[in-house]
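Participant: Data: structure-v5.pdb, PDB, C-alpha atoms, pLDDT in the B column.
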```
ATOM      1  CA  MET A  18     106.567  79.851 -47.754  1.00 39.00           C
ATOM      2  CA  ASN A  19     102.815  80.284 -47.396  1.00 36.00           C
ATOM      3  CA  HIS A  20     102.254  79.259 -51.033  1.00 37.00           C
ATOM      4  CA  ILE A  21     104.168  76.013 -50.390  1.00 39.00           C
ATOM      5  CA  VAL A  22     101.864  75.154 -47.486  1.00 33.00           C
ATOM      6  CA  ASN A  23      98.795  75.969 -49.617  1.00 35.00           C
ATOM      7  CA  ALA A  24     100.108  73.800 -52.456  1.00 37.00           C
ATOM      8  CA  MET A  25     100.711  70.913 -50.042  1.00 40.00           C
ATOM      9  CA  LEU A  26      97.193  71.230 -48.638  1.00 39.00           C
ATOM     10  CA  ALA A  27      95.720  71.317 -52.141  1.00 41.00           C
ATOM     11  CA  ALA A  28      97.703  68.202 -53.059  1.00 43.00           C
ATOM     12  CA  ALA A  29      96.450  66.408 -49.940  1.00 45.00           C
ATOM     13  CA  VAL A  30      92.864  67.282 -50.860  1.00 42.00           C
ATOM     14  CA  LEU A  31      93.360  65.978 -54.400  1.00 40.00           C
ATOM     15  CA  ILE A  32      95.011  62.774 -53.198  1.00 44.00           C
ATOM     16  CA  THR A  33      92.297  61.923 -50.678  1.00 42.00           C
ATOM     17  CA  GLY A  34      89.408  63.402 -52.680  1.00 41.00           C
ATOM     18  CA  CYS A  35      88.382  65.356 -49.581  1.00 40.00           C
ATOM     19  CA  GLN A  36      85.223  67.439 -49.883  1.00 40.00           C
ATOM     20  CA  GLU A  37      83.414  69.389 -47.191  1.00 47.00           C
ATOM     21  CA  GLU A  38      80.227  67.272 -47.461  1.00 70.00           C
ATOM     22  CA  GLY A  39      82.113  63.991 -47.631  1.00 87.00           C
ATOM     23  CA  THR A  40      84.792  62.116 -49.456  1.00 92.00           C
ATOM     24  CA  SER A  41      83.690  60.275 -52.566  1.00 96.00           C
ATOM     25  CA  VAL A  42      85.163  56.780 -52.542  1.00 97.00           C
ATOM     26  CA  GLY A  43      84.461  54.207 -55.213  1.00 97.00           C
ATOM     27  CA  PRO A  44      85.678  50.803 -56.398  1.00 97.00           C
ATOM     28  CA  ARG A  45      89.299  52.031 -56.503  1.00 98.00           C
ATOM     29  CA  GLY A  46      89.233  52.590 -52.726  1.00 98.00           C
ATOM     30  CA  GLY A  47      90.451  55.633 -50.849  1.00 97.00           C
ATOM     31  CA  THR A  48      91.322  57.200 -47.540  1.00 97.00           C
ATOM     32  CA  ILE A  49      89.036  59.262 -45.331  1.00 97.00           C
ATOM     33  CA  VAL A  50      90.606  61.500 -42.666  1.00 97.00           C
ATOM     34  CA  SER A  51      88.868  63.339 -39.822  1.00 97.00           C
ATOM     35  CA  ASP A  52      89.116  67.129 -39.646  1.00 96.00           C
ATOM     36  CA  ASP A  53      91.546  66.889 -36.725  1.00 96.00           C
ATOM     37  CA  GLY A  54      93.709  64.355 -38.606  1.00 96.00           C
ATOM     38  CA  ARG A  55      93.627  61.830 -35.746  1.00 96.00           C
ATOM     39  CA  PHE A  56      91.258  59.302 -37.353  1.00 98.00           C
ATOM     40  CA  THR A  57      91.724  57.574 -40.703  1.00 97.00           C
ATOM     41  CA  LEU A  58      89.699  54.965 -42.550  1.00 98.00           C
ATOM     42  CA  GLU A  59      91.464  53.277 -45.448  1.00 98.00           C
ATOM     43  CA  ILE A  60      89.051  51.569 -47.823  1.00 98.00           C
ATOM     44  CA  PRO A  61      90.785  49.042 -50.103  1.00 98.00           C
ATOM     45  CA  ALA A  62      90.159  48.653 -53.820  1.00 98.00           C
ATOM     46  CA  GLY A  63      87.080  46.518 -54.430  1.00 98.00           C
ATOM     47  CA  ALA A  64      85.514  47.187 -51.013  1.00 98.00           C
ATOM     48  CA  LEU A  65      82.808  49.339 -52.642  1.00 98.00           C
ATOM     49  CA  ASP A  66      81.035  48.511 -55.884  1.00 96.00           C
ATOM     50  CA  GLN A  67      80.043  52.136 -56.586  1.00 97.00           C
ATOM     51  CA  ALA A  68      81.069  55.663 -55.549  1.00 97.00           C
ATOM     52  CA  VAL A  69      79.772  56.691 -52.128  1.00 97.00           C
ATOM     53  CA  ASP A  70      80.090  60.015 -50.286  1.00 97.00           C
ATOM     54  CA  ILE A  71      81.624  59.052 -46.962  1.00 97.00           C
ATOM     55  CA  THR A  72      81.582  61.409 -43.999  1.00 97.00           C
ATOM     56  CA  VAL A  73      83.522  61.355 -40.751  1.00 98.00           C
ATOM     57  CA  ASP A  74      82.428  63.431 -37.766  1.00 97.00           C
ATOM     58  CA  GLU A  75      83.715  63.688 -34.234  1.00 97.00           C
ATOM     59  CA  VAL A  76      80.802  62.775 -31.946  1.00 96.00           C
ATOM     60  CA  GLU A  77      80.087  62.713 -28.244  1.00 94.00           C
ATOM     61  CA  CYS A  78      81.669  59.585 -26.876  1.00 90.00           C
ATOM     62  CA  GLU A  79      79.459  57.150 -25.003  1.00 86.00           C
ATOM     63  CA  GLN A  80      82.452  55.097 -23.847  1.00 91.00           C
ATOM     64  CA  PRO A  81      83.604  55.995 -20.311  1.00 90.00           C
ATOM     65  CA  THR A  82      87.079  54.477 -20.868  1.00 90.00           C
ATOM     66  CA  ALA A  83      87.665  56.177 -24.247  1.00 91.00           C
ATOM     67  CA  VAL A  84      91.196  57.324 -24.960  1.00 90.00           C
ATOM     68  CA  GLY A  85      90.536  60.299 -27.220  1.00 89.00           C
ATOM     69  CA  PRO A  86      87.503  61.334 -29.260  1.00 93.00           C
ATOM     70  CA  CYS A  87      84.908  59.104 -30.901  1.00 96.00           C
ATOM     71  CA  TYR A  88      84.096  59.331 -34.599  1.00 98.00           C
ATOM     72  CA  GLU A  89      81.059  58.449 -36.675  1.00 97.00           C
ATOM     73  CA  VAL A  90      81.649  57.360 -40.263  1.00 98.00           C
ATOM     74  CA  GLY A  91      78.665  57.425 -42.559  1.00 97.00           C
ATOM     75  CA  PRO A  92      76.575  56.308 -44.138  1.00 97.00           C
ATOM     76  CA  VAL A  93      76.321  54.331 -40.891  1.00 96.00           C
ATOM     77  CA  GLY A  94      75.746  50.616 -41.351  1.00 95.00           C
ATOM     78  CA  MET A  95      77.049  50.482 -44.912  1.00 97.00           C
ATOM     79  CA  PRO A  96      79.006  47.238 -45.399  1.00 97.00           C
ATOM     80  CA  LEU A  97      82.406  46.991 -47.044  1.00 98.00           C
ATOM     81  CA  LEU A  98      83.006  44.046 -49.387  1.00 98.00           C
ATOM     82  CA  TYR A  99      86.599  43.837 -48.078  1.00 98.00           C
ATOM     83  CA  PRO A 100      87.721  45.036 -44.632  1.00 98.00           C
ATOM     84  CA  GLY A 101      88.967  48.583 -44.308  1.00 98.00           C
ATOM     85  CA  THR A 102      91.500  49.769 -41.748  1.00 98.00           C
ATOM     86  CA  VAL A 103      90.557  52.188 -38.971  1.00 98.00           C
ATOM     87  CA  THR A 104      93.566  54.020 -37.496  1.00 97.00           C
ATOM     88  CA  TYR A 105      93.616  56.352 -34.505  1.00 96.00           C
ATOM     89  CA  GLU A 106      96.575  58.607 -33.749  1.00 94.00           C
ATOM     90  CA  LEU A 107      96.629  58.868 -29.979  1.00 89.00           C
ATOM     91  CA  ASP A 108      97.964  61.590 -27.740  1.00 85.00           C
ATOM     92  CA  ALA A 109     101.386  60.516 -26.435  1.00 78.00           C
ATOM     93  CA  ASP A 110     100.611  61.987 -22.987  1.00 76.00           C
ATOM     94  CA  ALA A 111      97.390  59.953 -22.726  1.00 71.00           C
ATOM     95  CA  LEU A 112      99.292  56.777 -23.608  1.00 73.00           C
ATOM     96  CA  GLN A 113     101.531  57.240 -20.569  1.00 75.00           C
ATOM     97  CA  THR A 114      98.561  56.758 -18.242  1.00 76.00           C
ATOM     98  CA  VAL A 115      97.057  53.618 -19.818  1.00 79.00           C
ATOM     99  CA  ASP A 116      98.093  50.018 -20.298  1.00 80.00           C
ATOM    100  CA  VAL A 117      98.796  49.898 -24.029  1.00 80.00           C
ATOM    101  CA  ALA A 118      98.159  46.142 -24.094  1.00 82.00           C
ATOM    102  CA  GLY A 119      94.581  46.866 -22.990  1.00 86.00           C
ATOM    103  CA  LEU A 120      93.736  49.241 -25.859  1.00 92.00           C
ATOM    104  CA  GLU A 121      90.897  48.155 -28.141  1.00 94.00           C
ATOM    105  CA  VAL A 122      89.119  49.781 -31.078  1.00 96.00           C
ATOM    106  CA  LEU A 123      85.357  49.452 -30.632  1.00 96.00           C
ATOM    107  CA  THR A 124      82.580  49.853 -33.170  1.00 96.00           C
ATOM    108  CA  GLU A 125      78.898  50.437 -32.538  1.00 93.00           C
ATOM    109  CA  ARG A 126      76.382  48.017 -33.985  1.00 87.00           C
ATOM    110  CA  GLU A 127      72.708  48.356 -33.094  1.00 83.00           C
ATOM    111  CA  GLU A 128      73.455  50.266 -29.867  1.00 81.00           C
ATOM    112  CA  ASP A 129      76.038  47.687 -28.761  1.00 90.00           C
ATOM    113  CA  TRP A 130      79.796  48.335 -28.824  1.00 94.00           C
ATOM    114  CA  ARG A 131      82.130  45.517 -29.900  1.00 95.00           C
ATOM    115  CA  PRO A 132      85.893  45.233 -30.449  1.00 95.00           C
ATOM    116  CA  LEU A 133      87.188  45.242 -34.013  1.00 96.00           C
ATOM    117  CA  ALA A 134      89.383  42.404 -35.271  1.00 93.00           C
ATOM    118  CA  ASP A 135      93.111  42.518 -35.995  1.00 95.00           C
ATOM    119  CA  ARG A 136      93.961  45.265 -33.489  1.00 94.00           C
ATOM    120  CA  GLN A 137      97.515  46.541 -33.758  1.00 94.00           C
ATOM    121  CA  VAL A 138      99.197  49.085 -31.507  1.00 90.00           C
ATOM    122  CA  ASP A 139     102.141  50.991 -32.991  1.00 89.00           C
ATOM    123  CA  MET A 140     104.004  52.794 -30.221  1.00 83.00           C
ATOM    124  CA  GLY A 141     106.428  54.284 -32.769  1.00 84.00           C
ATOM    125  CA  SER A 142     103.631  56.352 -34.274  1.00 87.00           C
ATOM    126  CA  ASP A 143     101.384  56.454 -31.178  1.00 89.00           C
ATOM    127  CA  SER A 144      98.568  54.785 -33.114  1.00 92.00           C
ATOM    128  CA  VAL A 145      96.183  51.878 -32.864  1.00 94.00           C
ATOM    129  CA  SER A 146      94.452  50.289 -35.844  1.00 96.00           C
ATOM    130  CA  ALA A 147      91.955  47.519 -36.560  1.00 98.00           C
ATOM    131  CA  SER A 148      89.857  46.036 -39.372  1.00 98.00           C
ATOM    132  CA  ALA A 149      86.354  47.380 -40.086  1.00 97.00           C
ATOM    133  CA  VAL A 150      83.746  45.616 -42.230  1.00 97.00           C
ATOM    134  CA  TYR A 151      81.036  48.311 -42.118  1.00 96.00           C
ATOM    135  CA  LEU A 152      80.757  52.055 -41.518  1.00 97.00           C
ATOM    136  CA  SER A 153      79.793  53.006 -37.985  1.00 97.00           C
ATOM    137  CA  SER A 154      80.895  54.894 -34.882  1.00 97.00           C
ATOM    138  CA  TYR A 155      84.347  54.081 -33.523  1.00 97.00           C
ATOM    139  CA  ALA A 156      86.190  54.581 -30.236  1.00 96.00           C
ATOM    140  CA  VAL A 157      89.535  53.589 -28.746  1.00 95.00           C
ATOM    141  CA  VAL A 158      89.132  52.379 -25.180  1.00 93.00           C
ATOM    142  CA  THR A 159      91.222  50.824 -22.500  1.00 90.00           C
ATOM    143  CA  MET A 160      89.874  47.455 -21.379  1.00 84.00           C
ATOM    144  CA  ASP A 161      91.585  47.476 -17.956  1.00 67.00           C
TER     145      ASP A 161
END
```
Translate this structure into structure tokens?
Facilitator:
Amino acid sequence: MNHIVNAMLAAAVLITGCQEEGTSVGPRGGTIVSDDGRFTLEIPAGALDQAVDITVDEVECEQPTAVGPCYEVGPVGMPLLYPGTVTYELDADALQTVDVAGLEVLTEREEDWRPLADRQVDMGSDSVSASAVYLSSYAVVTMD
């Protein structure tokens, strides 16, 4: 049984191209996943014109109404030629105490936090997603 789990983990690493120092993503696109598995950035084909090592780190959250951890995706400030999709998997217990309609995904730009476009809340998978056009820090907040 243990060898099956190890094989599945190895396959996941190969599929996402995950490396400890970062995930190399190029013109074909790719998916970057946080260590805790709760944050994902999907970069579409054509969004990058060359391979880039992309990192994702959980960081101290500066947002007082954050629902879950904040993440920094680097290299910070790097633009995407086509929008990527940021997805947060949220804790089901935390969702019971907030107004789901008020959830927003924020991104930091020059020390200012702004909502991302195309926000979608999926209660079936306890997730919220939005479009990102550059790499930055991200947070899910309640705007109540």
Participant: Mind checking which residues fall within 8 Å of Ile60 (chain A), counting only C-alpha atoms, ignoring those fewer than 4 positions away in the same chain, and posting them as a PyMOL selection string?
Facilitator: chain A and resi 46-48+64+100-102
Participant: I'd like to know which of A:Ser153, A:Gln137, A:Thr57, A:Ser51 is closest to Leu120 (chain A), using only C-alpha atoms.
Facilitator: A:Gln137
Participant: Applying 9 Å and only C-alpha atoms, which residues near Asp135 (chain A) remain after dropping the ones on its own chain fewer than 4 positions away? List them as an MDAnalysis selection string.
Facilitator: chainID A and resid 146:148
Participant: Those residues you just picked out, can you put them in a file as a PDB file, in the coordinates of the input with C-alpha atoms?
Facilitator:
```pdb
ATOM      1  CA  SER A 146      94.452  50.289 -35.844  1.00 96.00           C
ATOM      2  CA  ALA A 147      91.955  47.519 -36.560  1.00 98.00           C
ATOM      3  CA  SER A 148      89.857  46.036 -39.372  1.00 98.00           C
TER       4      SER A 148
END
```
Participant: Set the distance at 12 Å and use only C-alpha atoms: which residues neighbour region 39-43 of chain A once local chain neighbours fewer than 3 positions away are removed? I'd like the list as a ChimeraX atom specification.
Facilitator: /A:30-36,46-52,58-74,90-92,97-98
Participant: Please expand the PyMOL selection byres ((chain A and resi 77) around 9) into the concrete residues it hits in this file, giving the result as a PyMOL selection string.
Facilitator: chain A and resi 75-76+78-79+86-88
Participant: What does the file look like for those residues with C-alpha atoms, as a PDB file, in the coordinates of the input?
Facilitator:
```pdb
ATOM      1  CA  GLU A  75      83.715  63.688 -34.234  1.00 97.00           C
ATOM      2  CA  VAL A  76      80.802  62.775 -31.946  1.00 96.00           C
ATOM      3  CA  CYS A  78      81.669  59.585 -26.876  1.00 90.00           C
ATOM      4  CA  GLU A  79      79.459  57.150 -25.003  1.00 86.00           C
ATOM      5  CA  PRO A  86      87.503  61.334 -29.260  1.00 93.00           C
ATOM      6  CA  CYS A  87      84.908  59.104 -30.901  1.00 96.00           C
ATOM      7  CA  TYR A  88      84.096  59.331 -34.599  1.00 98.00           C
TER       8      TYR A  88
END
```
Participant: Interatomic distance between CA of Ala109 (chain A) and CA of Thr159 (chain A)?
Facilitator: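 We find that CA of Ala109 (chain A) and CA of Thr159 (chain A) lie 14.6 Å from each other.
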Participant: Please determine, counting only C-alpha atoms, which residue among A:Gly94, A:Pro81, A:Pro44, A:Gly54 has the shortest atom-to-atom distance to Glu125 (chain A).
Facilitator: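 Closest to Glu125 (chain A), using only C-alpha atoms: A:Gly94.
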Participant: Kindly give the distance, in Å, that separates CA of Tyr105 (chain A) and CA of Glu128 (chain A), rounded to a single decimal.
Facilitator: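 Those two atoms sit 21.6 Å apart.
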Participant: Using the chain letters and numbers from the file, give me the residues hit by the PyMOL selection byres ((chain A and resi 116) around 12), as a list in words.
Facilitator: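 This file, filtered by the PyMOL selection byres ((chain A and resi 116) around 12), leaves Thr82, Val84, Ala111, Leu112, Gln113, Thr114, Val115, Val117, Ala118, Gly119, Leu120, Glu121, Val138, Met140, Val158, Thr159, Met160 and Asp161 of chain A.
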Participant: In Å, with one decimal, what is the gap from CA of Glu106 (chain A) to CA of Arg45 (chain A)?
Facilitator: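 Here the two named atoms are 24.8 Å from each other.
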Participant: Which residues fall under the PyMOL selection byres ((chain A and resi 132) around 7) in this file, as a VMD selection string?
Facilitator: chain A and resid 121 to 124 131 133 to 134
Participant: Edge lengths and centre in Å to one decimal, as lines of an AutoDock Vina configuration file, is what I'm after for the box along x, y and z that holds all listed atoms of region 103-108 of chain A once 5 Å is added on each side.
Facilitator:
```
center_x = 94.3
center_y = 56.9
center_z = -33.4
size_x = 17.4
size_y = 19.4
size_z = 21.2
```
Participant: Write only N, CA and C atoms for region 71-109 of chain A from the block just shown, as a tab-separated table (two decimals), in the first residue's frame.
Facilitator:
```tsv
chain	number	residue	atom	x	y	z
A	71	ILE	N	8.69	29.29	-10.67
A	71	ILE	CA	7.66	29.98	-9.90
A	71	ILE	C	7.58	29.35	-8.52
A	72	THR	N	7.57	30.20	-7.51
A	72	THR	CA	7.49	29.75	-6.13
A	72	THR	C	6.15	30.16	-5.53
A	73	VAL	N	5.71	29.41	-4.54
A	73	VAL	CA	4.53	29.79	-3.77
A	73	VAL	C	4.84	29.52	-2.30
A	74	ASP	N	4.67	30.55	-1.49
A	74	ASP	CA	4.98	30.45	-0.06
A	74	ASP	C	3.81	31.00	0.75
A	75	GLU	N	3.50	30.31	1.83
A	75	GLU	CA	2.52	30.86	2.77
A	75	GLU	C	3.21	31.99	3.52
A	76	VAL	N	2.55	33.15	3.62
A	76	VAL	CA	3.15	34.31	4.27
A	76	VAL	C	2.20	34.86	5.33
A	77	GLU	N	2.75	35.67	6.20
A	77	GLU	CA	1.92	36.33	7.21
A	77	GLU	C	0.90	37.20	6.50
A	78	CYS	N	-0.33	37.07	6.92
A	78	CYS	CA	-1.42	37.76	6.24
A	78	CYS	C	-1.66	39.13	6.84
A	79	GLU	N	-1.65	40.14	5.99
A	79	GLU	CA	-1.87	41.51	6.42
A	79	GLU	C	-3.35	41.89	6.37
A	80	GLN	N	-4.20	40.96	5.97
A	80	GLN	CA	-5.62	41.23	5.82
A	80	GLN	C	-6.39	40.77	7.06
A	81	PRO	N	-6.98	41.71	7.82
A	81	PRO	CA	-7.67	41.34	9.06
A	81	PRO	C	-8.91	40.47	8.84
A	82	THR	N	-9.51	40.51	7.65
A	82	THR	CA	-10.71	39.71	7.39
A	82	THR	C	-10.41	38.48	6.54
A	83	ALA	N	-9.13	38.06	6.52
A	83	ALA	CA	-8.73	36.90	5.72
A	83	ALA	C	-9.42	35.64	6.22
A	84	VAL	N	-9.84	34.82	5.26
A	84	VAL	CA	-10.43	33.52	5.55
A	84	VAL	C	-9.39	32.50	5.10
A	85	GLY	N	-8.50	32.13	5.99
A	85	GLY	CA	-7.42	31.21	5.64
A	85	GLY	C	-6.12	31.95	5.44
A	86	PRO	N	-5.07	31.20	5.06
A	86	PRO	CA	-3.74	31.78	4.93
A	86	PRO	C	-3.59	32.63	3.67
A	87	CYS	N	-2.54	33.45	3.66
A	87	CYS	CA	-2.17	34.24	2.50
A	87	CYS	C	-0.96	33.58	1.84
A	88	TYR	N	-0.84	33.76	0.54
A	88	TYR	CA	0.25	33.15	-0.21
A	88	TYR	C	0.93	34.20	-1.07
A	89	GLU	N	2.25	34.04	-1.22
A	89	GLU	CA	3.01	34.90	-2.12
A	89	GLU	C	3.54	34.03	-3.24
A	90	VAL	N	3.25	34.44	-4.48
A	90	VAL	CA	3.70	33.72	-5.66
A	90	VAL	C	4.75	34.58	-6.35
A	91	GLY	N	5.91	34.00	-6.57
A	91	GLY	CA	6.99	34.76	-7.17
A	91	GLY	C	7.49	34.12	-8.44
A	92	PRO	N	8.20	34.89	-9.21
A	92	PRO	CA	8.70	36.22	-8.92
A	92	PRO	C	7.59	37.27	-8.91
A	93	VAL	N	7.46	37.94	-7.76
A	93	VAL	CA	6.41	38.93	-7.54
A	93	VAL	C	6.48	40.02	-8.60
A	94	GLY	N	5.32	40.37	-9.13
A	94	GLY	CA	5.20	41.43	-10.12
A	94	GLY	C	5.31	40.95	-11.56
A	95	MET	N	5.69	39.70	-11.76
A	95	MET	CA	5.83	39.19	-13.12
A	95	MET	C	4.47	39.09	-13.80
A	96	PRO	N	4.31	39.72	-14.96
A	96	PRO	CA	3.01	39.68	-15.65
A	96	PRO	C	2.80	38.37	-16.41
A	97	LEU	N	1.55	38.02	-16.56
A	97	LEU	CA	1.16	36.88	-17.39
A	97	LEU	C	0.54	37.45	-18.67
A	98	LEU	N	0.88	36.88	-19.81
A	98	LEU	CA	0.34	37.35	-21.08
A	98	LEU	C	-1.14	37.05	-21.22
A	99	TYR	N	-1.59	35.96	-20.58
A	99	TYR	CA	-3.01	35.59	-20.49
A	99	TYR	C	-3.32	35.33	-19.03
A	100	PRO	N	-4.52	35.67	-18.57
A	100	PRO	CA	-4.84	35.49	-17.14
A	100	PRO	C	-4.74	34.04	-16.68
A	101	GLY	N	-4.16	33.88	-15.51
A	101	GLY	CA	-4.15	32.59	-14.83
A	101	GLY	C	-5.32	32.52	-13.88
A	102	THR	N	-5.52	31.36	-13.27
A	102	THR	CA	-6.61	31.19	-12.31
A	102	THR	C	-6.05	30.84	-10.94
A	103	VAL	N	-6.35	31.68	-9.96
A	103	VAL	CA	-6.00	31.45	-8.57
A	103	VAL	C	-7.19	30.75	-7.92
A	104	THR	N	-6.93	29.62	-7.24
A	104	THR	CA	-7.99	28.89	-6.55
A	104	THR	C	-7.57	28.60	-5.12
A	105	TYR	N	-8.45	28.93	-4.19
A	105	TYR	CA	-8.26	28.63	-2.77
A	105	TYR	C	-9.25	27.55	-2.37
A	106	GLU	N	-8.78	26.50	-1.70
A	106	GLU	CA	-9.67	25.55	-1.06
A	106	GLU	C	-9.83	26.02	0.38
A	107	LEU	N	-11.07	26.31	0.76
A	107	LEU	CA	-11.33	26.88	2.07
A	107	LEU	C	-11.80	25.82	3.05
A	108	ASP	N	-11.56	26.09	4.31
A	108	ASP	CA	-12.00	25.20	5.38
A	108	ASP	C	-13.52	25.27	5.50
A	109	ALA	N	-14.18	24.14	5.42
A	109	ALA	CA	-15.65	24.09	5.45
A	109	ALA	C	-16.19	24.71	6.74
```
